[in-house]
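Encoded as structure tokens, the structure appears first; notes follow it.
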Amino acid sequence: MTKKKDIEFLRVTHLRGPNIWTYRPVIEAWLDIGELENFPSDKIPGLYERLTAMLPHLIEHRCGVGERGGFHERLREGTYAGHILEHVVLELQNLAGMRTGFGKTRQTSEAGVIYKMAFRTRQEQVGRAALTAGRELLMAAIEDRPYDVAGTVAKLTELVERLCLGPSTSNIVDAATDRRIPSIRLTDGNLVQLGHGARQRRIWTAETDATSAIAEGIASDKDLTKSLLASAGVPVPEGELVTSEDAAWEAAEDIGVPVVVKPYDGNHGRGVTLNLVDEQDVRAAYNLAVQRGGSRNVIVERFVPGNEHRLLVVGKRMIAAAMGESLWVTGDGKQSVLELCNTQINTDPRRGTTEDKPLGLVQPDISGEIILELQRQNMTHESVPHAGQQVLIQPNGNVAVDVTDLVHPDVAEMATLAARVVGLDIAGIDLVAQDIAKPLEAQGGAIIEVNASPGLLAHLNPAEGSQPRPVGAAIVDQLFAHDETGRIPVVGVAGERHSVLIAKLTAWLLQVSGKMTGLGCEEGIYLNGRKVPRGPLSAWESGQRLLLNRNVEAAVFHNGNRMILTEGLAYDKCLVGIVTDSSGHEDLAEFFIRDEDDMYSVLRTQVDVVLPEGAAVLNASDPRVVEMADLSDGFVIFYGLDEHSPAIVEHRQDGERAVFMRNNGFVLAAGANEVAVLPLSCMPAGQKGNEEAVLAAIGAGWALGLEPGLIAAALRTFKAN
């Protein structure tokens with residue numbers, strides 16, 4: 001077709017918390033589709049065929065139809081460029097390994113040309129890159145031009161691998177999410193906070209804030225680890241620490257061949273050479289261990305026959321086990337060892353260099369361990385084995401075959417004992433056994449290493465065996481008791497009328513109740529009433545700072561309308577959500593917020609995130625706010641000056657709670673029962689005329705479980721800053 005005006009991005013915003021679209025972070029893009037407004041998909045010849053050929057997995061997009069192939073149906077029937085771009089961007093992220101599914105596109109009132117489009121992303125830079133690439137791909141499909149989909153996906157995949165959480169950390173975070181435990185990424189790496197404020201815990205992949213530095217130090221000292229394990233009755237191979245080739249061979253003779261030579265402080269099997277019997281091999285293995293370990297300190301120990309196993313211990317339980325297997329290639333009389341490795345081993349789709357691959361690539365031309373193994377067979381990577389000849393590449397390949405269900409109880413008990421002896425809360429126990437289904441001592445097996453911060457991928461994505469093991473869930477269960485969510489009481493206040501005052505009053509109630517309370521509002525950030533420097537931080541960043549503070553036991557947030565529209569809420573869920581009124585759209589025309597219906601979509605964000613055990617505290621005098629009661633997953637407390645307002649009357653008839661004014665004071669009522677009446681004398685000094693704000697704060701305090709007497713006492717002592 002004739003080239004049309006490109007899709008133009010008018011504004012692209014990363015909404016980092018719950019927002020008008022969803023309770024997850026999204027990227028919101030404002031699109032000007034120009035002349036394409038006159039060309040829905042069914043009016044562009046060949047677009048359906050070209051786009052579905054470029055992105056065949058679009059068939060999985062259910063779209064508004066609600067079933068597989070739904071988006072295909074919309075494409076055939078006719079849909080507009082903004083909506084198509086939404087699905088293209090989501091699919092590009094999925095192809096890059098960052099699974100997402102949520103997206104929405106809405107037309108604005110600007111002559112039908114400008115659209116608001118939002119899509120879920122787990123990482124801002126990846127999402128923005130996918131948005132740019134998605135526009136280019138879509139325009140190529142519209143204009144019938146070639147487009148390098150594979151190259152684009154490769155670039156996005158590299159971004160995902162570099163910028164997103166690794167698979168091990170992601171599994172733990174996902175397990176926390178399943179338990180409604182919030183998470184905050186603290187760095188560009190894998191350091192993550194689970195929970196908020198004083199109830200938080202921290203993880204760094206498979207390390208936690210309970211992982212002892214002393215235990216880590218012991219685990220890195222292989223000689224000390226073996227000594228401690230042996231003293232506890234754990235079977236370990238006898239060995240000796242050496243610092244020269246000569247000493248290595250002497251130790252091998254003393255121990256008795258075959259032996260294993262490995263770096264004193266190595267990890268992941270680097271520099272480890274097995275089953276050595278000749279002096280020449282021992283000396284070569286010593287030099288390899290020095291090279292890989294970066295130190296002349298090398299361990300020579302008895303070779304234990306059998307397969308290497310990795311057992312994951314979390315707390316006092318063995319959670320998963322994986323086994324390594326020997327790697328071989330079979331000669332054909334034509335290809336070299338290197339070529340055979342590339343055609344017989346490295347073609348396995350489970351092998352690769354990225355974290356999502358359970359098996360690594362085999363490189364016999366540069367891997368010192370493989371080079372030594374080939375030398376022992378009088379070969380190099382350039383040798384051409386004759387047809388049918390079996391060549392051993394690695395005595396123990398990647399440990400990635402799941403054997404969890406086969407582990408003998410005595411072996412599991414020995415592994416957990418080893419972790420406790422070293423002092424690790426999470427440990428990877430390396431052991432060698434011929435049959436993991438039998439006790440170690442009965443077969444001459446032994447534990448050879450205890451590892452801090454063990455890799456989890458072998459258990460999450462096993463090369464063979466069962467489905468992934470729930471290691472992330474086990475780690476989360478170790479950090480949090482079954483009834484804990486890591487949450488502190490969080491209160492959010494949205495709306496224009498008295499909202500800052502309500503936030504301050506509520507924070508004071510919590511502070512008087514004995515909790516270290518953080519408050520975030522447009523006037524600043526406060527900790528127990530003390531204003532702290534905000535610096536150049538945005539409102540969202542300031543709110544996050546409160547949730548990161550280990551001293552904070554409760555937090556109150558005033559959420560301005562602009563904050564909700566430009567950043568999203570600073571928290572994922574709240575115990576109490578207060579909405580004061582539905583006014584304010586007059587100042588938000590630049591966001592296409594034109595009336596109370598639009599304002600409703602903004603303010604409902606606060607009610608949508610109320611926890612099931614929490615409450616929405618709503619102004620009974622505003623009909624649009626009253627409508628939000630149906631959105632709350634928790635219960636609802638209405639507040640208002642008039643006890644005869646329809647919302648309060650009906651709510652009480654249903655047996656629900658309300659707070660209202662009467663001549664003699666502030667009444668807390670549950671159905672027909674008046675639970676308490678706080679005298680007018682508890683009205684905070686200087687707040688005459690702000691009774692409605694006081695009612696909202698009383699409702700919040702009641703929802704938080706505070707006693708009426710404490711609420712009254714706190715109100716009397718409140719002083720506005």
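Just remember, in the structure tokens the first chain shown is A, the second B, etc., residues are 1-based per chain, and ligands are 1-based in the order shown.
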
Next on the checklist: I need the residues in range 467-664 of chain A that are strand (DSSP E) according to DSSP; give them as a PyMOL selection string.
Outcome noted: chain A and resi 490-494+517-521+524-527+530-532+554-559+574-579+610-619+635-640+657-662

Item to check | Residues near Phe557 in chain A, cut-off 12 Å, only C-alpha atoms, skip fewer than 5 positions along chain, as a ChimeraX atom specification | outcome: /A:489-495,499-507,517-526,539-540,542-547,563-564,569-571,573-578,606

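From CA of Gly455 in chain A back to CA of Ala481 in chain A, the distance works out to 23.9 Å.
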
Item to check | Selection near range 175-179 of chain A, 7 Å with only C-alpha atoms, sequence-local residues under 5 positions removed, as a VMD selection string | outcome: chain A and resid 472 to 473 476 485

Neighbours of range 117-134 of chain A within 10 Å (only C-alpha atoms; same-chain residues fewer than 6 positions away dropped), as a CSV table (one decimal) with N, CA, C and O atoms, in the first residue's frame?
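What ended up in around_9.csv:
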chain,number,residue,atom,x,y,z
A,9,PHE,N,4.8,8.4,18.7
A,9,PHE,CA,4.7,8.4,20.1
A,9,PHE,C,4.7,9.8,20.6
A,9,PHE,O,5.6,10.6,20.5
A,12,VAL,N,5.5,8.6,26.4
A,12,VAL,CA,5.7,7.3,26.9
A,12,VAL,C,6.1,7.4,28.4
A,12,VAL,O,7.1,8.0,28.7
A,13,THR,N,5.3,6.7,29.2
A,13,THR,CA,5.5,6.8,30.7
A,13,THR,C,5.6,5.4,31.3
A,13,THR,O,4.8,4.5,30.9
A,14,HIS,N,6.5,5.2,32.2
A,14,HIS,CA,6.6,4.0,32.9
A,14,HIS,C,5.8,4.2,34.3
A,14,HIS,O,6.2,5.0,35.1
A,15,LEU,N,4.7,3.5,34.4
A,15,LEU,CA,3.9,3.5,35.6
A,15,LEU,C,4.4,2.4,36.5
A,15,LEU,O,4.2,1.2,36.2
A,16,ARG,N,5.2,2.7,37.6
A,16,ARG,CA,5.9,1.7,38.3
A,16,ARG,C,5.1,1.0,39.4
A,16,ARG,O,5.6,0.1,40.0
A,20,ILE,N,-4.1,3.3,36.7
A,20,ILE,CA,-5.5,3.3,36.2
A,20,ILE,C,-5.7,2.1,35.2
A,20,ILE,O,-6.9,1.8,34.9
A,21,TRP,N,-4.6,1.4,34.8
A,21,TRP,CA,-4.8,0.3,33.9
A,21,TRP,C,-4.9,-1.0,34.7
A,21,TRP,O,-5.7,-1.9,34.3
A,22,THR,N,-4.0,-1.2,35.6
A,22,THR,CA,-3.9,-2.5,36.3
A,22,THR,C,-3.1,-2.3,37.6
A,22,THR,O,-2.5,-1.2,37.9
A,24,ARG,N,-0.3,-3.9,38.3
A,24,ARG,CA,1.1,-4.2,38.0
A,24,ARG,C,1.7,-3.0,37.2
A,24,ARG,O,1.0,-2.2,36.5
A,25,PRO,N,3.1,-2.9,37.2
A,25,PRO,CA,3.7,-1.9,36.5
A,25,PRO,C,3.5,-2.1,35.0
A,25,PRO,O,3.5,-3.2,34.4
A,26,VAL,N,3.3,-0.9,34.3
A,26,VAL,CA,3.0,-1.0,32.8
A,26,VAL,C,3.8,0.2,32.2
A,26,VAL,O,4.2,1.1,32.9
A,27,ILE,N,3.9,0.1,30.9
A,27,ILE,CA,4.4,1.3,30.1
A,27,ILE,C,3.1,1.8,29.4
A,27,ILE,O,2.4,1.0,28.7
A,28,GLU,N,2.9,3.1,29.6
A,28,GLU,CA,1.8,3.7,28.9
A,28,GLU,C,2.3,4.6,27.7
A,28,GLU,O,3.2,5.4,27.9
A,29,ALA,N,1.8,4.4,26.6
A,29,ALA,CA,2.2,5.2,25.4
A,29,ALA,C,1.0,5.9,24.8
A,29,ALA,O,-0.1,5.3,24.6
A,30,TRP,N,1.1,7.1,24.5
A,30,TRP,CA,0.1,7.9,23.8
A,30,TRP,C,0.5,7.9,22.3
A,30,TRP,O,1.6,8.3,21.9
A,31,LEU,N,-0.4,7.4,21.5
A,31,LEU,CA,-0.1,7.2,20.1
A,31,LEU,C,-0.9,8.1,19.2
A,31,LEU,O,-2.2,8.3,19.4
A,82,GLY,N,-3.3,1.1,16.9
A,82,GLY,CA,-2.9,1.1,18.3
A,82,GLY,C,-3.1,-0.2,19.0
A,82,GLY,O,-2.2,-0.7,19.7
A,83,HIS,N,-4.2,-0.8,18.7
A,83,HIS,CA,-4.5,-2.1,19.3
A,83,HIS,C,-3.6,-3.2,18.8
A,83,HIS,O,-3.1,-4.1,19.5
A,84,ILE,N,-3.3,-3.1,17.5
A,84,ILE,CA,-2.4,-4.1,16.9
A,84,ILE,C,-1.0,-4.0,17.5
A,84,ILE,O,-0.3,-5.0,17.9
A,85,LEU,N,-0.5,-2.7,17.7
A,85,LEU,CA,0.8,-2.5,18.3
A,85,LEU,C,0.9,-3.1,19.7
A,85,LEU,O,1.9,-3.6,20.1
A,86,GLU,N,-0.2,-2.9,20.4
A,86,GLU,CA,-0.2,-3.5,21.8
A,86,GLU,C,0.2,-5.0,21.8
A,86,GLU,O,1.0,-5.5,22.5
A,87,HIS,N,-0.4,-5.8,20.9
A,87,HIS,CA,-0.2,-7.2,20.8
A,87,HIS,C,1.2,-7.5,20.3
A,87,HIS,O,1.8,-8.5,20.7
A,88,VAL,N,1.7,-6.7,19.3
A,88,VAL,CA,3.0,-6.9,18.8
A,88,VAL,C,4.1,-6.7,19.8
A,88,VAL,O,5.0,-7.6,20.0
A,89,VAL,N,3.9,-5.7,20.7
A,89,VAL,CA,4.9,-5.4,21.7
A,89,VAL,C,4.9,-6.5,22.8
A,89,VAL,O,5.9,-7.0,23.2
A,90,LEU,N,3.7,-7.0,23.1
A,90,LEU,CA,3.6,-8.1,24.1
A,90,LEU,C,4.3,-9.3,23.6
A,90,LEU,O,5.0,-10.0,24.3
A,91,GLU,N,4.0,-9.6,22.3
A,91,GLU,CA,4.6,-10.8,21.7
A,91,GLU,C,6.1,-10.7,21.6
A,91,GLU,O,6.9,-11.7,21.9
A,92,LEU,N,6.7,-9.6,21.3
A,92,LEU,CA,8.1,-9.4,21.2
A,92,LEU,C,8.8,-9.7,22.6
A,92,LEU,O,9.8,-10.3,22.7
A,93,GLN,N,8.1,-9.2,23.6
A,93,GLN,CA,8.6,-9.4,25.0
A,93,GLN,C,8.6,-10.9,25.3
A,93,GLN,O,9.5,-11.5,25.9
A,96,ALA,N,11.3,-12.8,23.7
A,96,ALA,CA,12.6,-12.5,24.3
A,96,ALA,C,12.8,-13.1,25.6
A,96,ALA,O,13.9,-13.0,26.2
A,98,MET,N,10.7,-12.7,28.3
A,98,MET,CA,10.1,-12.0,29.4
A,98,MET,C,8.6,-12.1,29.3
A,98,MET,O,7.9,-11.3,28.6
A,99,ARG,N,8.0,-13.1,30.0
A,99,ARG,CA,6.6,-13.4,29.8
A,99,ARG,C,5.7,-12.3,30.3
A,99,ARG,O,5.8,-11.9,31.4
A,100,THR,N,4.8,-11.8,29.4
A,100,THR,CA,3.8,-10.8,29.8
A,100,THR,C,2.5,-11.1,29.1
A,100,THR,O,2.5,-11.8,28.0
A,101,GLY,N,1.4,-10.6,29.6
A,101,GLY,CA,0.2,-10.9,28.9
A,101,GLY,C,-0.8,-9.7,28.9
A,101,GLY,O,-1.7,-9.7,28.1
A,102,PHE,N,-0.7,-8.8,29.8
A,102,PHE,CA,-1.7,-7.7,30.0
A,102,PHE,C,-1.4,-6.6,29.0
A,102,PHE,O,-0.3,-6.1,28.9
A,103,GLY,N,-2.4,-6.1,28.3
A,103,GLY,CA,-2.4,-4.9,27.5
A,103,GLY,C,-3.8,-4.4,27.3
A,103,GLY,O,-4.7,-5.1,27.2
A,104,LYS,N,-3.8,-3.1,27.1
A,104,LYS,CA,-5.1,-2.4,26.8
A,104,LYS,C,-4.8,-1.2,25.9
A,104,LYS,O,-3.8,-0.5,26.1
A,105,THR,N,-5.8,-0.9,25.0
A,105,THR,CA,-5.7,0.3,24.2
A,105,THR,C,-7.0,1.0,24.2
A,105,THR,O,-8.1,0.3,24.0
A,106,ARG,N,-7.0,2.3,24.4
A,106,ARG,CA,-8.3,3.0,24.4
A,106,ARG,C,-8.1,4.3,23.5
A,106,ARG,O,-7.1,5.0,23.5
A,107,GLN,N,-9.2,4.6,22.8
A,107,GLN,CA,-9.2,5.7,22.0
A,107,GLN,C,-9.6,7.0,22.9
A,107,GLN,O,-10.4,6.9,23.8
A,140,ALA,N,6.5,-2.1,9.0
A,140,ALA,CA,7.0,-2.9,7.9
A,140,ALA,C,5.9,-3.9,7.4
A,140,ALA,O,5.7,-4.1,6.2
A,149,VAL,N,12.9,-10.1,12.1
A,149,VAL,CA,12.3,-10.4,13.4
A,149,VAL,C,13.3,-11.1,14.3
A,149,VAL,O,13.4,-10.8,15.5
A,152,THR,N,15.8,-8.8,15.8
A,152,THR,CA,15.2,-7.9,16.9
A,152,THR,C,15.0,-8.7,18.2
A,152,THR,O,15.3,-8.3,19.3
A,153,VAL,N,14.5,-10.0,18.0
A,153,VAL,CA,14.3,-10.8,19.2
A,153,VAL,C,15.6,-11.1,19.9
A,153,VAL,O,15.7,-11.1,21.1
A,155,LYS,N,18.2,-9.2,20.0
A,155,LYS,CA,18.6,-8.0,20.7
A,155,LYS,C,17.8,-7.8,22.0
A,155,LYS,O,18.4,-7.5,23.1
A,156,LEU,N,16.5,-8.0,21.9
A,156,LEU,CA,15.7,-7.9,23.1
A,156,LEU,C,16.0,-9.0,24.1
A,156,LEU,O,16.0,-8.8,25.3
A,157,THR,N,16.3,-10.2,23.6
A,157,THR,CA,16.7,-11.3,24.5
A,157,THR,C,18.0,-10.9,25.3
A,157,THR,O,18.1,-11.2,26.5
A,158,GLU,N,18.9,-10.3,24.6
A,158,GLU,CA,20.2,-9.9,25.3
A,158,GLU,C,19.9,-8.9,26.4
A,158,GLU,O,20.4,-8.9,27.5
A,159,LEU,N,18.9,-8.0,26.1
A,159,LEU,CA,18.5,-7.0,27.1
A,159,LEU,C,17.9,-7.7,28.3
A,159,LEU,O,18.2,-7.4,29.5
A,160,VAL,N,17.0,-8.7,28.1
A,160,VAL,CA,16.4,-9.4,29.1
A,160,VAL,C,17.4,-10.1,30.0
A,160,VAL,O,17.3,-10.0,31.2
A,162,ARG,N,20.4,-9.4,30.4
A,162,ARG,CA,21.3,-8.4,31.1
A,162,ARG,C,20.6,-7.6,32.2
A,162,ARG,O,21.3,-7.3,33.2
A,163,LEU,N,19.4,-7.3,32.0
A,163,LEU,CA,18.7,-6.4,32.9
A,163,LEU,C,17.7,-7.0,33.8
A,163,LEU,O,17.4,-6.4,34.8
A,164,CYS,N,17.1,-8.1,33.5
A,164,CYS,CA,16.1,-8.7,34.3
A,164,CYS,C,16.6,-9.6,35.4
A,164,CYS,O,17.8,-10.0,35.3
A,165,LEU,N,15.8,-10.0,36.3
A,165,LEU,CA,16.2,-10.9,37.3
A,165,LEU,C,16.6,-12.2,36.7
A,165,LEU,O,16.0,-12.7,35.7

Item to check | Gly514 in chain A surroundings by only C-alpha atoms, 12 Å radius, close-in-sequence under 2 positions cut, as a list in words | outcome: Ala507, Trp508, Leu509, Leu510, Gln511, Val512, Met516, Thr517, Asn528, Val552, Glu553, Ala554, Leu706, Leu710 and Ala714 of chain A

Item to check | Within 9 Å of Tyr286 in chain A using only C-alpha atoms, minus same-chain residues under 6 positions, as a list in words | outcome: Thr243, Ser244, Glu245, Ala248, Val261, Lys262, Pro263, Gly271, Thr273, Arg296, Val298, Ile299 and Val300 of chain A

Residues just named, written with C-alpha atoms as a PDB file, in the first residue's frame:
ATOM      1  CA  THR A 243      51.246 -25.636  47.093  1.00  0.00           C
ATOM      2  CA  SER A 244      53.473 -27.209  44.414  1.00  0.00           C
ATOM      3  CA  GLU A 245      53.536 -29.865  41.695  1.00  0.00           C
ATOM      4  CA  ALA A 248      50.752 -32.698  44.738  1.00  0.00           C
ATOM      5  CA  VAL A 261      42.938 -32.412  42.095  1.00  0.00           C
ATOM      6  CA  LYS A 262      40.980 -29.170  42.526  1.00  0.00           C
ATOM      7  CA  PRO A 263      41.447 -25.504  43.433  1.00  0.00           C
ATOM      8  CA  GLY A 271      39.663 -26.579  37.524  1.00  0.00           C
ATOM      9  CA  THR A 273      40.282 -33.050  37.434  1.00  0.00           C
ATOM     10  CA  ARG A 296      48.855 -21.972  44.415  1.00  0.00           C
ATOM     11  CA  VAL A 298      45.384 -26.820  45.671  1.00  0.00           C
ATOM     12  CA  ILE A 299      43.660 -29.824  47.225  1.00  0.00           C
ATOM     13  CA  VAL A 300      44.564 -33.418  46.393  1.00  0.00           C
TER      14      VAL A 300
END

Item to check | For range 580-595 of chain A: contacts at 7 Å, only C-alpha atoms, fewer than 3 positions along chain excluded, given as an NGL selection string | outcome: :A and (494-497 or 499 or 598-600 or 618-619 or 622 or 624-625)

Checklist entry - Nearest to Ala322 in chain A among A:Ala213, A:Ile345, A:Val432, A:Ala720, with distances taken over only C-alpha atoms: which residue is it? => result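 Under the stated criterion, the closest residue is A:Val432.
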
Next on the checklist: Using only C-alpha atoms for the distances, tell me which of A:Arg145, A:His72, A:Arg350, A:Arg420 is nearest to Ser212 in chain A.
Outcome noted: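 Closest residue, counting only C-alpha atoms: A:Arg420.
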